[in-house]
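*Asks:* Take this structure first; my questions come after.
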Amino acid sequence: MRLKNTFFYTLRENVKDEDSTSGNLLVRSGMIKKTASGIYMFLPLGLKVKQKLENIIREEMDKAGANELSMPILLPSDVFEASGRLSSFGKDMFKLKDRYERDYLLGPTHEELFVLAAKEKVKSYRDLPFNIYQIGDKFRDEARPRYGLIRTREFTMKDAYSFDIDEAHTDIAYSNMTKAYHNIFKRLDLDYRVVKSDTGAMGGLLSEEYQALSSIGEDTLVICNKCDFASNIEVAEVKSNYEKKEELKEIEMVHTPNVRTINDLVNFLNIDINDTVKSLVYNIDGEIVMILIKGDRDLNETKVKKLLGALDMTMATEEELKKITNGTFGSLGPVNIKAKIIADNEILKMTNFVCGANKEDYHYINVNLKDFDIYKVADIVNISENDKCPVCGSKITFKKGIEIGNTFKLGTKYSEALGLNYLDESNKLKPVDMGCYGIGTARCISAVAEQHHDENGIIWPLSIAPYPVCLVLAGNDEEMIKTADNIYDLLMEKGIDVLYDDRNERAGVKFKDMDLIGIPIRITVGKKVKEGLVEIKTRDNKINKDVKIEEVYDNIKEFKINA
RNA sequence: CGGGAAAUAGUUCAACUUGGUAGAGCACUUGAUUUGGGAUCAAGAAGUUGCAGGUUCAAAUCCUGUUUUCCCGACCA
């Protein structure tokens, strides 16, 4: 494409409403533009990248035997009522009414519709297995959109669903998808990890996430330095070997003026943080519950929810706190509390510890298990970098990741809720076993830009660069123009998509722009045309050489652009 | 949803404290000189100061409301 007379622009300065490097680069290079919080335009260059990425996904999905289809975005609410997710998605859904006041919503996800589609086909075990997918837009009213395309309210996603007769067969479909995912993310040149994760609102048996490593990642990944253990922190098991055995002393109340936090407490009483217990009060599905963890630990709400089968948990308000104690937030403890108590595993190994006395400015010392009743004990804290790998006991490392894809074994949750059954060989009615596989396509674009850039701009991998090759006309005498025109015509004829910068700009401006938008291969037609030479340079600076004009195509061929 | 900051030309910001003709850099237009890493000089064009109300002779500036955006946190298949 010739740049002159096309919709192309770049910005020299960062914009103020983008918070991430990748977001700013994508905006400055004229690929995307924010319309409202979490809503973006895709401009010509950005759309090219998006389409290339989607085509890679499409190729790999089709190769894996999946069939593409397209689902509507505007959905009647009752589709979600049947599966019970109208309430579990809650505020995240964009809701609207039609002219007859009937309830509709913009689809935040499409499991229900895919099940409805499958019901049309599936009658017998002979109709299974199959895998269907779409690449389409989802709408979620995120509380806090951020980081460019990483967390948006309208976004494109590939979602695929496998349908099988039982779990064993879903396993086959699942590993098939796993292979396809590795192919896809390798082609995008992403540095990523596969981690175990929470099944969350999806429900189901197993969930794995594909996480692109990045400092702006919103997820914390726990990775073993030795074995292949890798997990999202929200489900990483804590195997603590903490234990302290002492002769039990008698509980005693002490005056602790202005002590509010665990750190205050440790400093004031001059004690080991391991001898303190943090008491947290939560409203869990309407019930006020106290949760006990060792003073240096952070609570993992995902684990608590899973333990109780709860949907919603928020920290108690002052009003809610008053229902169970006269104490205030800085002085809570389990002794004589009027609430169920849930304790972390480590609490059982502690003796003579310190906790709040449910009376402002007072704490108990020498508290022991005999001083209160525990309703449930479980692993409910976040793993820390000081903990050991729960599988092999080696050292672990934390990394930040952007969730670019996930895969679920759903089991029969949706097929049972929505009546997707088949007749097996013995004429028995059975629910279909399902798997579900997502990729956040727009999010991948940001992840790639986040991992591949330098101070001058984006460095796209060949696979999704808006154009693989740019041709810079660095001068305006006739011989140069003629040479550049010829090269352009030749390469286009050979099927190579060239971005020809024939603008009436100085060479420096063109170089800067081509670097910013990140075209992987640059051909420069300049002064050396007189000697019969042009320059070939790659954006990553690995190649920078002069070649004979008649050998340009042979050189470009070596990059295997259309392979 | 809680806490904080902000909204002025396409964009990044100034002017607000102490009310009185809204300025600059980048981008844009024209001309000259330049021409391989975001050129220089000169001359221009560009704004209902987010919106609505109020105070005042006079409001970008003070007051009230409202909307939007951003940040920290909560939340988040």
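Note on naming: chains are A, B, ... as they come in the structure tokens, residues start from 1 per chain, ligands start from 1 in the order shown.
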Check every residue of chain B for an atom within 12 Å of chain A, counting only C-alpha atoms (C1' of nucleotides), and provide those that qualify as a PDB file with N, CA and C atoms (P, O5', C5', C4', C3', O3' and C1' of nucleotides), in the first residue's frame.

*Replies:*
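Result file follows (selection_36.pdb):
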```pdb
ATOM      1  P     C B   1     -21.761   2.614  41.896  1.00  0.00           P
ATOM      2  O5'   C B   1     -20.868   2.157  43.124  1.00  0.00           O
ATOM      3  C5'   C B   1     -21.474   1.754  44.321  1.00  0.00           C
ATOM      4  C4'   C B   1     -20.383   1.385  45.277  1.00  0.00           C
ATOM      5  C3'   C B   1     -19.427   2.505  45.653  1.00  0.00           C
ATOM      6  O3'   C B   1     -19.955   3.356  46.654  1.00  0.00           O
ATOM      7  C1'   C B   1     -18.194   0.540  45.176  1.00  0.00           C
ATOM      8  P     G B   2     -19.336   4.842  46.841  1.00  0.00           P
ATOM      9  O5'   G B   2     -17.982   4.527  47.617  1.00  0.00           O
ATOM     10  C5'   G B   2     -17.954   4.522  49.047  1.00  0.00           C
ATOM     11  C4'   G B   2     -16.544   4.331  49.535  1.00  0.00           C
ATOM     12  C3'   G B   2     -15.595   5.487  49.274  1.00  0.00           C
ATOM     13  O3'   G B   2     -15.720   6.538  50.209  1.00  0.00           O
ATOM     14  C1'   G B   2     -14.562   3.489  48.624  1.00  0.00           C
ATOM     15  P     A B   6      -6.455  18.799  41.070  1.00  0.00           P
ATOM     16  O5'   A B   6      -6.972  18.481  39.598  1.00  0.00           O
ATOM     17  C5'   A B   6      -6.080  18.506  38.498  1.00  0.00           C
ATOM     18  C4'   A B   6      -6.664  17.781  37.327  1.00  0.00           C
ATOM     19  C3'   A B   6      -7.656  18.545  36.464  1.00  0.00           C
ATOM     20  O3'   A B   6      -7.021  19.440  35.580  1.00  0.00           O
ATOM     21  C1'   A B   6      -8.397  16.318  36.807  1.00  0.00           C
ATOM     22  P     A B   7      -7.869  20.685  34.983  1.00  0.00           P
ATOM     23  O5'   A B   7      -8.787  20.033  33.865  1.00  0.00           O
ATOM     24  C5'   A B   7      -8.175  19.318  32.784  1.00  0.00           C
ATOM     25  C4'   A B   7      -9.248  18.737  31.882  1.00  0.00           C
ATOM     26  C3'   A B   7     -10.058  19.778  31.129  1.00  0.00           C
ATOM     27  O3'   A B   7     -10.357  19.291  29.819  1.00  0.00           O
ATOM     28  C1'   A B   7     -11.487  18.440  32.455  1.00  0.00           C
ATOM     29  P     G B  10      -9.489  21.339  18.896  1.00  0.00           P
ATOM     30  O5'   G B  10      -8.681  20.037  18.521  1.00  0.00           O
ATOM     31  C5'   G B  10      -9.324  18.864  18.039  1.00  0.00           C
ATOM     32  C4'   G B  10      -8.240  17.858  17.762  1.00  0.00           C
ATOM     33  C3'   G B  10      -7.341  17.574  18.959  1.00  0.00           C
ATOM     34  O3'   G B  10      -7.854  16.525  19.759  1.00  0.00           O
ATOM     35  C1'   G B  10      -6.017  18.131  17.081  1.00  0.00           C
ATOM     36  P     U B  11      -7.667  16.556  21.331  1.00  0.00           P
ATOM     37  O5'   U B  11      -6.103  16.384  21.505  1.00  0.00           O
ATOM     38  C5'   U B  11      -5.484  15.112  21.292  1.00  0.00           C
ATOM     39  C4'   U B  11      -3.998  15.249  21.512  1.00  0.00           C
ATOM     40  C3'   U B  11      -3.599  15.745  22.896  1.00  0.00           C
ATOM     41  O3'   U B  11      -3.506  14.682  23.816  1.00  0.00           O
ATOM     42  C1'   U B  11      -2.445  16.990  21.245  1.00  0.00           C
ATOM     43  P     U B  12      -3.686  14.947  25.346  1.00  0.00           P
ATOM     44  O5'   U B  12      -2.325  15.659  25.746  1.00  0.00           O
ATOM     45  C5'   U B  12      -1.122  14.896  25.862  1.00  0.00           C
ATOM     46  C4'   U B  12       0.010  15.803  26.256  1.00  0.00           C
ATOM     47  C3'   U B  12      -0.240  16.670  27.484  1.00  0.00           C
ATOM     48  O3'   U B  12      -0.029  15.941  28.686  1.00  0.00           O
ATOM     49  C1'   U B  12       0.677  17.998  25.769  1.00  0.00           C
ATOM     50  P     C B  13      -0.690  16.450  30.011  1.00  0.00           P
ATOM     51  O5'   C B  13       0.078  17.839  30.241  1.00  0.00           O
ATOM     52  C5'   C B  13      -0.524  18.927  30.899  1.00  0.00           C
ATOM     53  C4'   C B  13       0.301  20.145  30.618  1.00  0.00           C
ATOM     54  C3'   C B  13      -0.155  21.432  31.294  1.00  0.00           C
ATOM     55  O3'   C B  13       0.303  21.514  32.637  1.00  0.00           O
ATOM     56  C1'   C B  13       0.292  21.854  29.030  1.00  0.00           C
ATOM     57  P     G B  25       5.478  28.263  20.459  1.00  0.00           P
ATOM     58  O5'   G B  25       5.794  26.783  20.925  1.00  0.00           O
ATOM     59  C5'   G B  25       7.052  26.455  21.507  1.00  0.00           C
ATOM     60  C4'   G B  25       7.084  24.991  21.860  1.00  0.00           C
ATOM     61  C3'   G B  25       6.761  24.035  20.712  1.00  0.00           C
ATOM     62  O3'   G B  25       7.893  23.779  19.903  1.00  0.00           O
ATOM     63  C1'   G B  25       5.519  23.427  22.624  1.00  0.00           C
ATOM     64  P     C B  26       7.701  23.478  18.345  1.00  0.00           P
ATOM     65  O5'   C B  26       6.864  22.122  18.334  1.00  0.00           O
ATOM     66  C5'   C B  26       7.501  20.868  18.562  1.00  0.00           C
ATOM     67  C4'   C B  26       6.478  19.759  18.589  1.00  0.00           C
ATOM     68  C3'   C B  26       5.665  19.573  17.317  1.00  0.00           C
ATOM     69  O3'   C B  26       6.359  18.838  16.327  1.00  0.00           O
ATOM     70  C1'   C B  26       4.217  19.544  19.175  1.00  0.00           C
ATOM     71  P     A B  27       6.147  19.181  14.771  1.00  0.00           P
ATOM     72  O5'   A B  27       4.602  18.867  14.561  1.00  0.00           O
ATOM     73  C5'   A B  27       4.140  17.522  14.478  1.00  0.00           C
ATOM     74  C4'   A B  27       2.645  17.491  14.270  1.00  0.00           C
ATOM     75  C3'   A B  27       2.126  18.294  13.085  1.00  0.00           C
ATOM     76  O3'   A B  27       2.242  17.578  11.869  1.00  0.00           O
ATOM     77  C1'   A B  27       0.839  18.792  14.984  1.00  0.00           C
ATOM     78  P     U B  34      19.333  25.381  -0.137  1.00  0.00           P
ATOM     79  O5'   U B  34      19.099  24.658   1.252  1.00  0.00           O
ATOM     80  C5'   U B  34      19.557  23.364   1.464  1.00  0.00           C
ATOM     81  C4'   U B  34      19.123  22.903   2.824  1.00  0.00           C
ATOM     82  C3'   U B  34      18.990  21.398   2.907  1.00  0.00           C
ATOM     83  O3'   U B  34      20.233  20.794   3.183  1.00  0.00           O
ATOM     84  C1'   U B  34      17.054  22.411   3.820  1.00  0.00           C
ATOM     85  P     U B  35      20.761  19.724   2.155  1.00  0.00           P
ATOM     86  O5'   U B  35      19.895  18.461   2.560  1.00  0.00           O
ATOM     87  C5'   U B  35      19.741  18.091   3.932  1.00  0.00           C
ATOM     88  C4'   U B  35      18.592  17.131   4.024  1.00  0.00           C
ATOM     89  C3'   U B  35      18.804  15.905   3.149  1.00  0.00           C
ATOM     90  O3'   U B  35      18.412  14.746   3.847  1.00  0.00           O
ATOM     91  C1'   U B  35      16.752  16.978   2.608  1.00  0.00           C
ATOM     92  P     G B  36      19.524  13.660   4.188  1.00  0.00           P
ATOM     93  O5'   G B  36      18.583  13.227   5.344  1.00  0.00           O
ATOM     94  C5'   G B  36      17.847  12.198   5.747  1.00  0.00           C
ATOM     95  C4'   G B  36      18.553  11.200   6.627  1.00  0.00           C
ATOM     96  C3'   G B  36      20.061  11.381   6.768  1.00  0.00           C
ATOM     97  O3'   G B  36      20.518  11.053   8.076  1.00  0.00           O
ATOM     98  C1'   G B  36      19.570   9.321   5.768  1.00  0.00           C
ATOM     99  P     G B  37      20.078  11.774   9.373  1.00  0.00           P
ATOM    100  O5'   G B  37      18.524  11.424   9.406  1.00  0.00           O
ATOM    101  C5'   G B  37      17.565  12.313  10.000  1.00  0.00           C
ATOM    102  C4'   G B  37      16.988  11.668  11.228  1.00  0.00           C
ATOM    103  C3'   G B  37      17.921  11.635  12.433  1.00  0.00           C
ATOM    104  O3'   G B  37      17.158  11.896  13.593  1.00  0.00           O
ATOM    105  C1'   G B  37      17.161   9.469  11.962  1.00  0.00           C
ATOM    106  P     G B  38      16.728  13.511  13.715  1.00  0.00           P
ATOM    107  O5'   G B  38      15.355  13.531  12.938  1.00  0.00           O
ATOM    108  C5'   G B  38      14.285  12.827  13.473  1.00  0.00           C
ATOM    109  C4'   G B  38      13.013  13.450  12.990  1.00  0.00           C
ATOM    110  C3'   G B  38      12.772  14.869  13.531  1.00  0.00           C
ATOM    111  O3'   G B  38      12.024  15.554  12.554  1.00  0.00           O
ATOM    112  C1'   G B  38      11.051  13.423  14.245  1.00  0.00           C
ATOM    113  P     A B  39      12.767  16.674  11.663  1.00  0.00           P
ATOM    114  O5'   A B  39      13.624  17.518  12.690  1.00  0.00           O
ATOM    115  C5'   A B  39      13.365  18.873  12.835  1.00  0.00           C
ATOM    116  C4'   A B  39      14.476  19.676  12.185  1.00  0.00           C
ATOM    117  C3'   A B  39      14.232  21.164  12.225  1.00  0.00           C
ATOM    118  O3'   A B  39      14.623  21.688  13.474  1.00  0.00           O
ATOM    119  C1'   A B  39      14.948  20.513  10.063  1.00  0.00           C
ATOM    120  P     U B  68     -21.099   9.689  33.223  1.00  0.00           P
ATOM    121  O5'   U B  68     -19.687  10.074  32.608  1.00  0.00           O
ATOM    122  C5'   U B  68     -19.521  10.224  31.210  1.00  0.00           C
ATOM    123  C4'   U B  68     -18.200  10.862  30.910  1.00  0.00           C
ATOM    124  C3'   U B  68     -16.974  10.108  31.416  1.00  0.00           C
ATOM    125  O3'   U B  68     -16.623   9.035  30.557  1.00  0.00           O
ATOM    126  C1'   U B  68     -16.746  12.404  31.932  1.00  0.00           C
ATOM    127  P     U B  69     -15.803   7.808  31.125  1.00  0.00           P
ATOM    128  O5'   U B  69     -14.338   8.406  31.318  1.00  0.00           O
ATOM    129  C5'   U B  69     -13.588   8.820  30.190  1.00  0.00           C
ATOM    130  C4'   U B  69     -12.322   9.487  30.647  1.00  0.00           C
ATOM    131  C3'   U B  69     -11.457   8.672  31.596  1.00  0.00           C
ATOM    132  O3'   U B  69     -10.681   7.719  30.911  1.00  0.00           O
ATOM    133  C1'   U B  69     -11.644  10.876  32.400  1.00  0.00           C
ATOM    134  P     C B  70     -10.257   6.386  31.645  1.00  0.00           P
ATOM    135  O5'   C B  70      -9.082   6.872  32.600  1.00  0.00           O
ATOM    136  C5'   C B  70      -7.867   7.352  32.047  1.00  0.00           C
ATOM    137  C4'   C B  70      -7.036   7.982  33.125  1.00  0.00           C
ATOM    138  C3'   C B  70      -6.726   7.090  34.329  1.00  0.00           C
ATOM    139  O3'   C B  70      -5.674   6.190  34.066  1.00  0.00           O
ATOM    140  C1'   C B  70      -7.395   9.216  35.078  1.00  0.00           C
ATOM    141  P     C B  71      -5.598   4.844  34.900  1.00  0.00           P
ATOM    142  O5'   C B  71      -5.057   5.346  36.309  1.00  0.00           O
ATOM    143  C5'   C B  71      -3.743   5.856  36.445  1.00  0.00           C
ATOM    144  C4'   C B  71      -3.518   6.296  37.873  1.00  0.00           C
ATOM    145  C3'   C B  71      -3.776   5.226  38.926  1.00  0.00           C
ATOM    146  O3'   C B  71      -2.671   4.367  39.096  1.00  0.00           O
ATOM    147  C1'   C B  71      -4.859   7.199  39.567  1.00  0.00           C
ATOM    148  P     C B  72      -2.958   2.820  39.371  1.00  0.00           P
ATOM    149  O5'   C B  72      -3.160   2.748  40.946  1.00  0.00           O
ATOM    150  C5'   C B  72      -2.273   3.381  41.851  1.00  0.00           C
ATOM    151  C4'   C B  72      -2.839   3.304  43.250  1.00  0.00           C
ATOM    152  C3'   C B  72      -3.603   2.030  43.586  1.00  0.00           C
ATOM    153  O3'   C B  72      -2.762   0.955  43.924  1.00  0.00           O
ATOM    154  C1'   C B  72      -4.849   3.886  44.293  1.00  0.00           C
ATOM    155  P     G B  73      -3.221  -0.528  43.568  1.00  0.00           P
ATOM    156  O5'   G B  73      -4.525  -0.720  44.462  1.00  0.00           O
ATOM    157  C5'   G B  73      -4.407  -1.057  45.838  1.00  0.00           C
ATOM    158  C4'   G B  73      -5.726  -0.927  46.535  1.00  0.00           C
ATOM    159  C3'   G B  73      -6.771  -2.003  46.245  1.00  0.00           C
ATOM    160  O3'   G B  73      -6.498  -3.222  46.903  1.00  0.00           O
ATOM    161  C1'   G B  73      -7.802   0.116  46.308  1.00  0.00           C
ATOM    162  P     A B  74      -7.025  -4.576  46.269  1.00  0.00           P
ATOM    163  O5'   A B  74      -8.611  -4.447  46.431  1.00  0.00           O
ATOM    164  C5'   A B  74      -9.223  -4.646  47.690  1.00  0.00           C
ATOM    165  C4'   A B  74     -10.719  -4.523  47.565  1.00  0.00           C
ATOM    166  C3'   A B  74     -11.365  -5.483  46.567  1.00  0.00           C
ATOM    167  O3'   A B  74     -11.637  -6.747  47.126  1.00  0.00           O
ATOM    168  C1'   A B  74     -12.128  -3.300  46.157  1.00  0.00           C
ATOM    169  P     C B  75     -11.480  -8.047  46.252  1.00  0.00           P
ATOM    170  O5'   C B  75     -12.482  -7.808  45.049  1.00  0.00           O
ATOM    171  C5'   C B  75     -13.883  -7.896  45.240  1.00  0.00           C
ATOM    172  C4'   C B  75     -14.593  -7.481  43.974  1.00  0.00           C
ATOM    173  C3'   C B  75     -14.346  -8.377  42.763  1.00  0.00           C
ATOM    174  O3'   C B  75     -15.190  -9.509  42.763  1.00  0.00           O
ATOM    175  C1'   C B  75     -14.061  -6.137  42.136  1.00  0.00           C
ATOM    176  P     C B  76     -14.617 -10.927  42.312  1.00  0.00           P
ATOM    177  O5'   C B  76     -14.332 -10.705  40.758  1.00  0.00           O
ATOM    178  C5'   C B  76     -15.405 -10.437  39.869  1.00  0.00           C
ATOM    179  C4'   C B  76     -14.856 -10.090  38.522  1.00  0.00           C
ATOM    180  C3'   C B  76     -13.970 -11.155  37.887  1.00  0.00           C
ATOM    181  O3'   C B  76     -14.748 -12.102  37.195  1.00  0.00           O
ATOM    182  C1'   C B  76     -12.931  -9.038  37.715  1.00  0.00           C
ATOM    183  P     A B  77     -14.794 -13.616  37.674  1.00  0.00           P
ATOM    184  O5'   A B  77     -14.472 -14.484  36.392  1.00  0.00           O
ATOM    185  C5'   A B  77     -15.431 -15.399  36.048  1.00  0.00           C
ATOM    186  C4'   A B  77     -14.801 -16.529  35.305  1.00  0.00           C
ATOM    187  C3'   A B  77     -13.336 -16.361  34.920  1.00  0.00           C
ATOM    188  O3'   A B  77     -12.694 -17.617  34.958  1.00  0.00           O
ATOM    189  C1'   A B  77     -14.618 -16.668  33.013  1.00  0.00           C
TER     190        A B  77
END
```

*Asks:* Give the strand (DSSP E) residues of region 71-190 of chain A, as DSSP finds them on the backbone, and put them as a ChimeraX atom specification.

*Replies:* /A:74-76,94-97,103-106,130-139,154-164

*Asks:* Go ahead and save the picked residues with N, CA and C atoms, as an mmCIF file, in the first residue's frame.

*Replies:*
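part.cif written:
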```cif
data_model
loop_
_atom_site.group_PDB
_atom_site.id
_atom_site.type_symbol
_atom_site.label_atom_id
_atom_site.label_comp_id
_atom_site.auth_asym_id
_atom_site.auth_seq_id
_atom_site.Cartn_x
_atom_site.Cartn_y
_atom_site.Cartn_z
ATOM 1 N N LEU A 74 -26.622 -9.372 20.824
ATOM 2 C CA LEU A 74 -27.823 -8.942 21.538
ATOM 3 C C LEU A 74 -28.640 -10.172 21.920
ATOM 4 N N LEU A 75 -28.787 -10.378 23.228
ATOM 5 C CA LEU A 75 -29.408 -11.619 23.682
ATOM 6 C C LEU A 75 -30.578 -11.347 24.611
ATOM 7 N N PRO A 76 -31.661 -12.108 24.501
ATOM 8 C CA PRO A 76 -32.744 -11.998 25.487
ATOM 9 C C PRO A 76 -32.253 -12.525 26.833
ATOM 10 N N PHE A 94 -24.152 -5.631 30.581
ATOM 11 C CA PHE A 94 -24.849 -4.471 30.049
ATOM 12 C C PHE A 94 -26.276 -4.898 29.744
ATOM 13 N N LYS A 95 -27.240 -4.257 30.419
ATOM 14 C CA LYS A 95 -28.630 -4.653 30.238
ATOM 15 C C LYS A 95 -29.393 -3.568 29.507
ATOM 16 N N LEU A 96 -30.367 -3.971 28.729
ATOM 17 C CA LEU A 96 -31.206 -2.995 28.034
ATOM 18 C C LEU A 96 -32.593 -3.577 27.795
ATOM 19 N N LYS A 97 -33.510 -2.714 27.358
ATOM 20 C CA LYS A 97 -34.884 -3.151 27.109
ATOM 21 C C LYS A 97 -35.254 -2.843 25.675
ATOM 22 N N ASP A 103 -36.575 -7.604 28.494
ATOM 23 C CA ASP A 103 -35.180 -7.504 28.920
ATOM 24 C C ASP A 103 -34.222 -8.160 27.938
ATOM 25 N N TYR A 104 -33.211 -7.391 27.590
ATOM 26 C CA TYR A 104 -32.135 -7.916 26.752
ATOM 27 C C TYR A 104 -30.800 -7.589 27.400
ATOM 28 N N LEU A 105 -29.756 -8.208 26.906
ATOM 29 C CA LEU A 105 -28.426 -7.833 27.368
ATOM 30 C C LEU A 105 -27.428 -8.027 26.243
ATOM 31 N N LEU A 106 -26.278 -7.389 26.403
ATOM 32 C CA LEU A 106 -25.193 -7.568 25.445
ATOM 33 C C LEU A 106 -24.346 -8.722 25.966
ATOM 34 N N PHE A 130 -17.842 -33.089 18.706
ATOM 35 C CA PHE A 130 -17.521 -31.999 17.780
ATOM 36 C C PHE A 130 -17.063 -30.800 18.597
ATOM 37 N N ASN A 131 -16.533 -29.825 17.886
ATOM 38 C CA ASN A 131 -15.981 -28.632 18.533
ATOM 39 C C ASN A 131 -16.388 -27.440 17.689
ATOM 40 N N ILE A 132 -17.065 -26.454 18.298
ATOM 41 C CA ILE A 132 -17.479 -25.266 17.554
ATOM 42 C C ILE A 132 -16.921 -24.016 18.219
ATOM 43 N N TYR A 133 -16.637 -23.013 17.413
ATOM 44 C CA TYR A 133 -16.058 -21.787 17.976
ATOM 45 C C TYR A 133 -16.491 -20.574 17.186
ATOM 46 N N GLN A 134 -16.263 -19.424 17.802
ATOM 47 C CA GLN A 134 -16.489 -18.157 17.102
ATOM 48 C C GLN A 134 -15.410 -17.177 17.516
ATOM 49 N N ILE A 135 -15.205 -16.171 16.695
ATOM 50 C CA ILE A 135 -14.370 -15.033 17.074
ATOM 51 C C ILE A 135 -15.299 -13.839 17.042
ATOM 52 N N GLY A 136 -15.631 -13.328 18.220
ATOM 53 C CA GLY A 136 -16.644 -12.275 18.239
ATOM 54 C C GLY A 136 -16.510 -11.372 19.443
ATOM 55 N N ASP A 137 -17.337 -10.343 19.480
ATOM 56 C CA ASP A 137 -17.227 -9.332 20.529
ATOM 57 C C ASP A 137 -18.042 -9.694 21.755
ATOM 58 N N LYS A 138 -17.463 -9.395 22.906
ATOM 59 C CA LYS A 138 -18.134 -9.591 24.188
ATOM 60 C C LYS A 138 -18.244 -8.238 24.881
ATOM 61 N N PHE A 139 -19.236 -8.115 25.737
ATOM 62 C CA PHE A 139 -19.439 -6.875 26.482
ATOM 63 C C PHE A 139 -19.480 -7.164 27.962
ATOM 64 N N GLU A 154 -15.613 -3.592 25.881
ATOM 65 C CA GLU A 154 -16.018 -4.273 24.651
ATOM 66 C C GLU A 154 -14.759 -4.895 24.105
ATOM 67 N N PHE A 155 -14.756 -6.203 23.905
ATOM 68 C CA PHE A 155 -13.522 -6.824 23.438
ATOM 69 C C PHE A 155 -13.814 -8.048 22.586
ATOM 70 N N THR A 156 -12.847 -8.368 21.759
ATOM 71 C CA THR A 156 -13.008 -9.511 20.871
ATOM 72 C C THR A 156 -12.386 -10.735 21.519
ATOM 73 N N MET A 157 -13.061 -11.836 21.371
ATOM 74 C CA MET A 157 -12.590 -13.046 22.000
ATOM 75 C C MET A 157 -12.907 -14.225 21.090
ATOM 76 N N LYS A 158 -12.002 -15.195 21.128
ATOM 77 C CA LYS A 158 -12.275 -16.469 20.461
ATOM 78 C C LYS A 158 -12.784 -17.388 21.554
ATOM 79 N N ASP A 159 -13.965 -17.950 21.391
ATOM 80 C CA ASP A 159 -14.395 -18.957 22.360
ATOM 81 C C ASP A 159 -14.839 -20.218 21.625
ATOM 82 N N ALA A 160 -14.314 -21.329 22.128
ATOM 83 C CA ALA A 160 -14.577 -22.629 21.510
ATOM 84 C C ALA A 160 -15.162 -23.562 22.558
ATOM 85 N N TYR A 161 -15.953 -24.524 22.098
ATOM 86 C CA TYR A 161 -16.608 -25.458 23.012
ATOM 87 C C TYR A 161 -16.530 -26.854 22.419
ATOM 88 N N SER A 162 -16.111 -27.800 23.243
ATOM 89 C CA SER A 162 -16.077 -29.187 22.776
ATOM 90 C C SER A 162 -17.201 -29.957 23.441
ATOM 91 N N PHE A 163 -17.766 -30.898 22.699
ATOM 92 C CA PHE A 163 -18.896 -31.696 23.185
ATOM 93 C C PHE A 163 -18.545 -33.172 23.008
ATOM 94 N N ASP A 164 -18.578 -33.913 24.121
ATOM 95 C CA ASP A 164 -18.163 -35.316 24.092
ATOM 96 C C ASP A 164 -19.095 -36.171 24.930
#
```

*Asks:* Please provide as an mmCIF file with N, CA and C atoms, in the first residue's frame all residues within 9 Å of Glu301 (chain A), with the sequence filter that same-chain residues fewer than 4 positions apart are discarded (counting only C-alpha atoms (C1' of nucleotides)).

*Replies:*
```cif
data_model
loop_
_atom_site.group_PDB
_atom_site.id
_atom_site.type_symbol
_atom_site.label_atom_id
_atom_site.label_comp_id
_atom_site.auth_asym_id
_atom_site.auth_seq_id
_atom_site.Cartn_x
_atom_site.Cartn_y
_atom_site.Cartn_z
ATOM 1 N N GLU A 234 -4.182 -17.518 43.021
ATOM 2 C CA GLU A 234 -5.495 -17.674 43.652
ATOM 3 C C GLU A 234 -5.812 -19.137 44.003
ATOM 4 N N LYS A 305 -14.120 -18.749 49.300
ATOM 5 C CA LYS A 305 -15.366 -18.929 48.566
ATOM 6 C C LYS A 305 -15.557 -20.379 48.153
ATOM 7 N N LYS A 306 -14.483 -20.966 47.697
ATOM 8 C CA LYS A 306 -14.552 -22.344 47.244
ATOM 9 C C LYS A 306 -14.859 -23.267 48.428
ATOM 10 N N MET A 313 -18.284 -12.473 48.640
ATOM 11 C CA MET A 313 -17.788 -12.121 49.976
ATOM 12 C C MET A 313 -17.147 -10.746 49.947
ATOM 13 N N ILE A 380 -6.431 -21.311 53.444
ATOM 14 C CA ILE A 380 -7.188 -20.159 52.939
ATOM 15 C C ILE A 380 -6.304 -18.918 52.771
ATOM 16 N N VAL A 381 -4.978 -19.091 52.769
ATOM 17 C CA VAL A 381 -4.096 -17.922 52.615
ATOM 18 C C VAL A 381 -3.369 -17.982 51.275
ATOM 19 N N ASN A 382 -2.823 -16.835 50.884
ATOM 20 C CA ASN A 382 -2.002 -16.776 49.675
ATOM 21 C C ASN A 382 -0.638 -17.372 49.954
#
```

*Asks:* I'd like the neighbourhood of Val194 (chain A) as a PyMOL selection string, where a residue qualifies if any of its atoms comes within 8 Å (using only C-alpha atoms (C1' of nucleotides)), though same-chain residues fewer than 2 positions away should be ignored.

*Replies:* chain A and resi 192+196+208-211+230-231

*Asks:* Residues at most 8 Å from Ile262 (chain A), counting only C-alpha atoms (C1' of nucleotides), excluding those fewer than 2 positions away in the same chain, as a list in words?

*Replies:*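 Everything that qualifies: Arg260, Asp264, Leu265, Val266, Ile273, Thr276, Lys278 and Gly295 of chain A.
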
*Asks:* Could you work out how far CA of Arg2 (chain A) lies from CA of Leu490 (chain A), giving the answer in Å with one decimal?

*Replies:*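 One can read the CA of Leu490 (chain A) to CA of Arg2 (chain A) distance as 14.0 Å.
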
*Asks:* I'd like the contact shell of Pro468 (chain A) - 12 Å cut-off, only C-alpha atoms (C1' of nucleotides), skipping same-chain residues fewer than 5 positions apart - returned as a PyMOL selection string.

*Replies:* chain A and resi 1+48-49+52+459-463+491-492+495-500+514+517-523+538-539+556-557+559-562
